[in-house]
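Shown next: run-v7.cif, given as mmCIF, C-alpha atoms and all ligand atoms.
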```cif
data_input
loop_
_atom_site.label_atom_id
_atom_site.label_comp_id
_atom_site.auth_asym_id
_atom_site.auth_seq_id
_atom_site.Cartn_x
_atom_site.Cartn_y
_atom_site.Cartn_z
CA MET A 21 145.75 67.95 178.58
CA THR A 22 147.49 64.67 177.79
CA VAL A 23 146.68 63.11 174.45
CA LEU A 24 148.14 59.76 173.53
CA THR A 25 147.28 58.82 169.98
CA HIS A 26 149.82 56.15 169.22
CA ALA A 27 148.11 53.18 167.57
CA PHE A 28 144.87 55.17 167.62
CA THR A 29 144.87 57.52 164.66
CA PRO A 30 141.52 59.26 164.28
CA GLY A 31 139.73 58.44 161.04
CA PRO A 32 137.59 55.81 159.36
CA ILE A 33 137.91 52.21 160.60
CA VAL A 34 135.09 50.73 158.54
CA ALA A 35 134.14 53.17 155.79
CA SER A 36 131.34 51.38 153.96
CA GLY A 37 128.58 48.84 154.54
CA PRO A 38 125.48 48.86 156.74
CA VAL A 39 127.46 50.14 159.73
CA LYS A 40 130.41 52.54 159.62
CA LEU A 41 133.02 52.89 162.34
CA THR A 42 135.12 56.00 162.86
CA LEU A 43 137.77 56.67 165.46
CA MET A 44 136.96 60.15 166.70
CA ALA A 45 139.40 62.98 167.35
CA PRO A 46 140.65 63.35 170.93
CA VAL A 47 138.51 65.37 173.33
CA ALA A 48 138.99 66.52 176.90
CA ARG A 49 137.39 64.07 179.33
CA PHE A 50 136.77 64.53 183.02
CA SER A 51 135.47 62.21 185.67
CA LEU A 52 133.37 64.31 188.04
CA ARG A 53 132.21 63.15 191.47
CA LEU A 54 130.21 65.21 193.93
CA ARG A 55 127.39 65.25 196.45
CA ALA A 56 123.89 66.37 195.49
CA ALA A 57 124.11 69.60 197.51
CA ASN A 58 126.93 70.87 195.29
CA ILE A 59 125.27 70.11 191.94
CA PRO A 60 124.00 73.70 191.34
CA ALA A 61 127.39 75.32 192.05
CA VAL A 62 129.35 72.86 189.91
CA SER A 63 126.76 73.05 187.11
CA MET A 64 127.25 76.80 187.09
CA ALA A 65 131.04 76.42 186.97
CA ILE A 66 131.12 74.01 184.03
CA GLY A 67 128.24 75.75 182.24
CA VAL A 68 126.11 72.64 181.94
CA GLU A 69 123.13 71.77 184.14
CA LEU A 70 124.22 68.39 185.50
CA PRO A 71 121.46 65.82 184.98
CA ILE A 72 120.56 63.86 188.11
CA THR A 73 119.05 60.74 186.56
CA VAL A 74 121.49 57.98 185.62
CA GLY A 75 121.71 57.80 181.81
CA GLU A 76 120.62 61.39 181.15
CA ARG A 77 122.79 63.91 179.34
CA ALA A 78 123.08 67.68 179.05
CA SER A 79 125.11 69.92 176.78
CA ASN A 80 125.75 73.59 176.15
CA GLY A 81 127.13 73.04 172.65
CA THR A 82 130.78 72.73 173.61
CA THR A 83 130.69 70.86 176.91
CA GLU A 84 128.50 67.88 177.61
CA ALA A 85 127.87 65.75 180.66
CA ILE A 86 126.33 62.35 181.20
CA CYS A 87 125.16 61.08 184.58
CA LEU A 88 126.80 57.68 185.12
CA GLY A 89 125.89 57.09 188.75
CA PRO A 90 124.14 58.82 191.68
CA ASP A 91 127.24 60.96 192.32
CA GLU A 92 129.22 60.51 189.14
CA TRP A 93 129.37 62.24 185.76
CA MET A 94 131.56 62.08 182.68
CA VAL A 95 132.20 65.53 181.26
CA ILE A 96 133.40 65.94 177.68
CA ALA A 97 134.80 69.25 176.49
CA LYS A 98 136.70 70.66 173.55
CA SER A 99 140.43 70.33 174.10
CA ASP A 100 140.97 74.10 174.14
CA ASN A 101 138.30 74.57 176.84
CA THR A 102 140.16 72.35 179.29
CA ASP A 103 141.96 75.07 181.22
CA THR A 104 138.84 77.24 181.54
CA LEU A 105 136.83 74.32 182.88
CA VAL A 106 139.50 73.27 185.36
CA SER A 107 139.98 76.77 186.72
CA ALA A 108 136.22 77.43 186.97
CA CYS A 109 135.89 74.31 189.10
CA ALA A 110 138.95 75.20 191.17
CA ASP A 111 137.42 78.60 191.93
CA ILE A 112 134.37 77.09 193.62
CA TYR A 113 136.17 74.18 195.28
CA ALA A 114 136.26 75.73 198.74
CA SER A 115 132.49 76.20 198.93
CA ALA A 116 131.38 73.27 196.71
CA THR A 117 133.70 70.32 197.28
CA HIS A 118 133.98 67.94 194.34
CA SER A 119 136.45 65.77 192.52
CA LEU A 120 137.30 66.67 188.94
CA THR A 121 139.83 64.31 187.41
CA GLU A 122 141.07 64.65 183.88
CA VAL A 123 140.95 61.29 182.12
CA SER A 124 141.37 62.46 178.51
CA ALA A 125 144.06 59.92 177.70
CA ARG A 126 142.23 57.04 179.35
CA GLU A 127 139.66 56.47 176.64
CA ILE A 128 139.19 56.65 172.90
CA THR A 129 135.81 57.10 171.22
CA VAL A 130 134.43 55.21 168.27
CA ARG A 131 131.48 56.53 166.26
CA ILE A 132 129.15 53.69 165.25
CA GLU A 133 126.59 54.71 162.65
CA GLY A 134 124.54 53.31 159.83
CA ASP A 135 121.26 51.53 159.20
CA ARG A 136 122.11 48.62 161.48
CA ALA A 137 124.22 50.35 164.12
CA ALA A 138 121.93 49.38 167.01
CA GLU A 139 121.90 45.79 165.81
CA LEU A 140 125.69 45.71 165.60
CA LEU A 141 125.95 46.65 169.29
CA THR A 142 124.06 43.50 170.26
CA ILE A 143 127.12 41.51 169.17
CA GLY A 144 128.68 42.16 172.57
CA CYS A 145 126.36 44.33 174.65
CA PRO A 146 123.72 42.57 176.77
CA ARG A 147 121.74 45.74 177.44
CA ASP A 148 118.52 46.26 175.51
CA ILE A 149 119.74 48.89 173.03
CA ASP A 150 116.12 49.94 172.35
CA SER A 151 115.88 51.05 176.00
CA ILE A 152 118.50 53.77 175.44
CA PRO A 153 116.71 56.89 174.19
CA VAL A 154 118.15 59.19 171.54
CA GLY A 155 120.00 61.86 173.49
CA GLY A 156 120.66 59.46 176.35
CA GLY A 157 123.38 57.01 177.18
CA CYS A 158 124.73 54.63 179.76
CA ARG A 159 127.75 52.89 181.11
CA THR A 160 127.45 49.23 180.23
CA VAL A 161 129.55 46.28 179.12
CA VAL A 162 130.69 45.00 175.72
CA ASP A 163 132.26 41.56 175.68
CA GLY A 164 133.55 41.98 179.22
CA VAL A 165 134.78 45.57 178.76
CA THR A 166 133.15 48.54 180.51
CA VAL A 167 132.17 51.22 177.99
CA VAL A 168 130.12 54.39 177.94
CA LEU A 169 127.58 54.42 175.17
CA TRP A 170 126.04 57.66 173.90
CA ARG A 171 123.04 57.43 171.59
CA ASP A 172 123.16 60.60 169.47
CA GLU A 173 120.64 59.54 166.83
CA GLU A 174 118.45 56.54 166.26
CA GLN A 175 121.32 54.80 164.44
CA SER A 176 124.33 56.81 165.56
CA PHE A 177 126.25 56.01 168.73
CA ARG A 178 129.52 56.96 170.37
CA MET A 179 131.33 54.36 172.40
CA ASP A 180 134.00 55.47 174.89
CA ILE A 181 136.40 52.60 175.49
CA TRP A 182 139.38 52.47 177.85
CA ARG A 183 142.35 52.48 175.50
CA SER A 184 143.90 49.29 176.84
CA PHE A 185 140.73 47.38 175.87
CA ALA A 186 139.97 49.36 172.74
CA LEU A 187 141.72 47.16 170.20
CA HIS A 188 139.78 44.15 171.44
CA VAL A 189 136.42 45.93 171.25
CA ILE A 190 137.16 47.57 167.88
CA ASP A 191 138.23 44.20 166.48
CA LEU A 192 134.93 42.70 167.62
CA LEU A 193 132.93 45.56 166.09
CA CYS A 194 134.86 45.24 162.81
CA ARG A 195 134.04 41.55 162.66
CA GLY A 196 130.38 42.38 163.23
CA CYS A 197 130.48 44.96 160.43
CA LYS A 198 131.89 42.33 158.07
CA GLU A 199 129.19 39.86 159.01
CA LEU A 200 126.44 42.43 158.42
CA ALA A 201 128.05 43.46 155.10
CA ALA A 202 128.22 39.84 153.98
CA GLU A 203 124.51 39.20 154.46
CA MET B 14 120.40 35.58 181.76
CA LEU B 15 118.96 37.07 184.95
CA LEU B 16 117.54 40.57 184.90
CA ILE B 17 118.41 42.58 188.00
CA HIS B 18 116.82 45.81 189.14
CA CYS B 19 119.45 48.39 190.15
CA PRO B 20 117.89 50.62 192.84
CA TYR B 21 120.29 53.47 191.97
CA CYS B 22 119.77 53.41 188.18
CA ASN B 23 116.13 52.47 188.74
CA GLN B 24 116.31 50.16 185.74
CA THR B 25 116.09 46.41 185.28
CA LEU B 26 119.29 45.36 183.54
CA PRO B 27 121.16 42.27 182.39
CA GLU B 28 123.08 40.23 184.95
CA ALA B 29 126.29 40.66 182.90
CA GLU B 30 126.54 44.26 184.15
CA PHE B 31 126.55 43.09 187.80
CA THR B 32 128.84 41.25 190.16
CA TYR B 33 127.89 39.28 193.26
CA ALA B 34 129.38 40.55 196.51
CA GLY B 35 128.53 38.07 199.27
CA GLU B 36 126.03 38.04 202.12
CA ALA B 37 124.41 41.35 203.12
CA HIS B 38 123.99 42.96 206.54
CA ILE B 39 127.29 41.66 207.91
CA ALA B 40 128.34 44.41 210.31
CA ARG B 41 132.02 44.82 211.03
CA PRO B 42 132.59 45.00 214.80
CA ALA B 43 132.98 48.65 215.79
CA ASP B 44 136.00 47.86 217.93
CA PRO B 45 137.78 44.82 216.44
CA SER B 46 140.39 44.59 219.21
CA SER B 47 137.69 44.10 221.85
CA VAL B 48 136.07 41.01 220.28
CA SER B 49 137.14 37.43 220.89
CA ASP B 50 138.95 35.37 218.24
CA GLU B 51 135.75 33.37 217.76
CA GLU B 52 133.66 36.49 217.16
CA TRP B 53 136.24 37.82 214.71
CA ARG B 54 136.33 34.46 212.91
CA ASP B 55 132.55 34.51 212.65
CA PHE B 56 132.59 38.03 211.26
CA LEU B 57 135.20 37.13 208.65
CA PHE B 58 134.16 33.68 207.55
CA ILE B 59 130.90 32.34 208.94
CA ARG B 60 127.92 32.90 206.67
CA THR B 61 124.36 31.61 206.80
CA ASN B 62 124.59 29.70 203.49
CA VAL B 63 120.83 29.76 203.07
CA LYS B 64 118.86 27.40 200.91
CA GLY B 65 116.05 29.72 199.85
CA PRO B 66 115.70 33.50 200.25
CA HIS B 67 119.15 34.96 200.85
CA TYR B 68 120.04 38.54 201.81
CA GLU B 69 123.02 39.39 199.67
CA ARG B 70 125.04 42.21 198.15
CA TRP B 71 125.45 42.93 194.48
CA ARG B 72 127.39 45.60 192.66
CA HIS B 73 126.32 47.32 189.45
CA PHE B 74 129.89 46.99 188.28
CA HIS B 75 129.52 47.88 184.57
CA GLY B 76 126.99 50.61 185.32
CA CYS B 77 126.62 53.08 188.16
CA GLY B 78 129.26 51.22 190.18
CA ARG B 79 127.11 51.08 193.32
CA TYR B 80 126.78 48.27 195.80
CA PHE B 81 123.21 47.44 196.80
CA ASN B 82 121.34 44.69 198.62
CA ALA B 83 119.04 42.02 197.30
CA VAL B 84 116.98 39.11 198.50
CA ARG B 85 117.38 36.23 196.05
CA ASP B 86 116.07 32.71 196.33
CA THR B 87 119.15 30.50 196.03
CA VAL B 88 117.03 27.61 194.74
CA SER B 89 115.02 29.35 192.02
CA ASP B 90 117.44 32.29 191.43
CA ARG B 91 114.41 34.58 191.67
CA PHE B 92 115.03 38.07 193.05
CA LEU B 93 112.36 39.02 195.63
CA ILE B 94 113.65 42.57 195.98
CA THR B 95 116.69 44.81 195.53
CA TYR B 96 117.19 47.87 197.74
CA LYS B 97 119.72 50.59 198.49
CA THR B 98 122.48 49.83 200.97
CA ASP B 99 121.17 52.27 203.57
CA ASP B 100 117.58 51.04 203.34
CA PRO B 101 116.41 48.86 206.26
CA ARG B 102 116.51 45.11 205.90
CA PRO B 103 113.07 44.12 204.57
CA GLU B 104 111.04 41.52 206.47
CA LEU B 105 111.05 38.19 204.69
CA SER B 106 107.40 37.51 205.48
CA ASP B 107 106.39 40.74 203.70
CA LEU B 108 108.47 39.83 200.67
CA LEU B 109 107.05 36.34 200.44
CA GLU B 110 103.52 37.72 200.79
CA LYS B 111 104.16 40.24 198.00
CA SER B 112 105.73 37.71 195.66
CA LYS B 113 102.74 35.35 195.81
ZN ZN C 301 123.09 50.99 188.77
#
```
How would this structure read if it were set down as structure tokens?
Amino acid sequence: MTVLTHAFTPGPIVASGPVKLTLMAPVARFSLRLRAANIPAVSMAIGVELPITVGERASNGTTEAICLGPDEWMVIAKSDNTDTLVSACADIYASATHSLTEVSAREITVRIEGDRAAELLTIGCPRDIDSIPVGGGCRTVVDGVTVVLWRDEEQSFRMDIWRSFALHVIDLLCRGCKELAAE
Amino acid sequence: MLLIHCPYCNQTLPEAEFTYAGEAHIARPADPSSVSDEEWRDFLFIRTNVKGPHYERWRHFHGCGRYFNAVRDTVSDRFLITYKTDDPRPELSDLLEKSK
């Protein structure tokens, strides 16, 4: 897998205050597209039962998938599982056509956590954060930038941001953290 | 901000996630080379430009990515309905009756 980490060194971005930001370590990311008929076969191949409702997630502990659209999923895996996942999908390709595209280097992920994490997101995200259940997620927009938001706990989120827009979004989140800390 | 119901996500979501995509139910001629210049011009450029309920396309751009159709009142900005692209065009009289 390709990992580009220049300018994006994993580690704390905002380490104290009501909301903490952390740039997470690289993971393997795949954009998965397929028709409904092939969901069972592909689920079997990747080892995760693909959810069919937009915004729902599923995980087997090492690989997780979120349904982003009626025929689209984002699959996150550990870096060292990449080859296994790709070959498992290749094996069933002939009978269950799908598109599995590795996009690991396309995005970086920021962990947003702390007492006021949900409130911080409202600085740039128009979606009602309360409508995202714990264990769910969505693709939405933050200050004009498409992101995928994963709600892992009540006040703990991951935000996947395309790397070319990431500095802009991180800068905005940092400013929000400062404002909350100054209150 | 408008709230728009995405028929694919089945959620009512902020307008900022969506983009407008022009009038709906404009069918591209099946055989472009057989139509007259006037018919081709009409297909490309001529739109109804309704004042009132307008059948139009939207795309859930920062979301599921899907195009869908809507009927929106161009005067009040009120959405009467949104529906999937392959759903039949709803009758306006039914929509107006329902929205009373
Ligand atoms: Zn949608």
*8 Å shell around ligand ZN 301 (chain C) using all atoms listed in the file, listed as a VMD selection string*: (chain A and resid 74 89) or (chain B and resid 19 to 24 72 to 74 76 to 79)
*For the atom pair atom CA of Thr83 of chain A and atom CA of Leu169 of chain A, what is the interatomic distance in Å to one decimal place?*
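So the two atoms, atom CA of Thr83 of chain A and atom CA of Leu169 of chain A, lie 16.8 Å apart.
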*Can you list, as a list in words, every protein, DNA or RNA residue that comes within 12 Å of Glu199 of chain A when you count all atoms listed in the file, leaving out same-chain residues fewer than 6 positions away?*
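Once the nearby chain positions are removed, what remains is Gly37, Pro38, Val39, Arg136, Glu139, Leu140, Ile143, Leu192 and Leu193 of chain A.
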*Best match for closeness to Val106 of chain A among A:His188, A:Arg77, A:Lys40, A:His118, counting all atoms listed in the file*: A:His118
*asked:* Restricting the calculation to all atoms listed in the file: of B:Ser47, B:Asn62, B:Asp90, B:Val84, which residue gets closest to Met14 of chain B?
replied: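 Of the candidates, the smallest distance to Met14 of chain B is held by B:Asp90.
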*In Å, rounded to a single decimal, give me how far atom CA of Ile59 of chain B is from atom CA of Pro45 of chain B.*
16.1 Å
*For Arg183 of chain A, list every protein, DNA or RNA residue within 7 Å, evaluated using all atoms listed in the file, and leave out those in the same chain fewer than 6 positions away; present the list as a VMD selection string.*
chain A and resid 126 to 128
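The interatomic distance for the pair atom CA of Val63 of chain B and atom CA of Phe31 of chain B works out to 21.1 Å.
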*Please provide as a VMD selection string all residues within 9 Å of segment 151-162 of chain A, with the sequence filter that same-chain residues fewer than 2 positions apart are discarded (counting only C-alpha atoms).*
(chain A and resid 74 to 78 86 to 89 141 to 149 164 to 177 189) or (chain B and resid 29 to 30 74 to 77)
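Restricting the calculation to all atoms listed in the file, the smallest distance between Leu70 of chain A and any of A:Leu187, A:Leu54, A:Val123, A:Ile132 is found for A:Leu54.
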*With distances taken over only C-alpha atoms, which of B:Ser49, B:Ala83, B:Arg60, B:Pro66 is nearest to Ser106 of chain B?*
B:Pro66
*Within 6 Å of Phe81 of chain B, counting only C-alpha atoms, which residues qualify if same-chain residues fewer than 2 places away don't, as a ChimeraX atom specification?*
/B:70-71,97-98
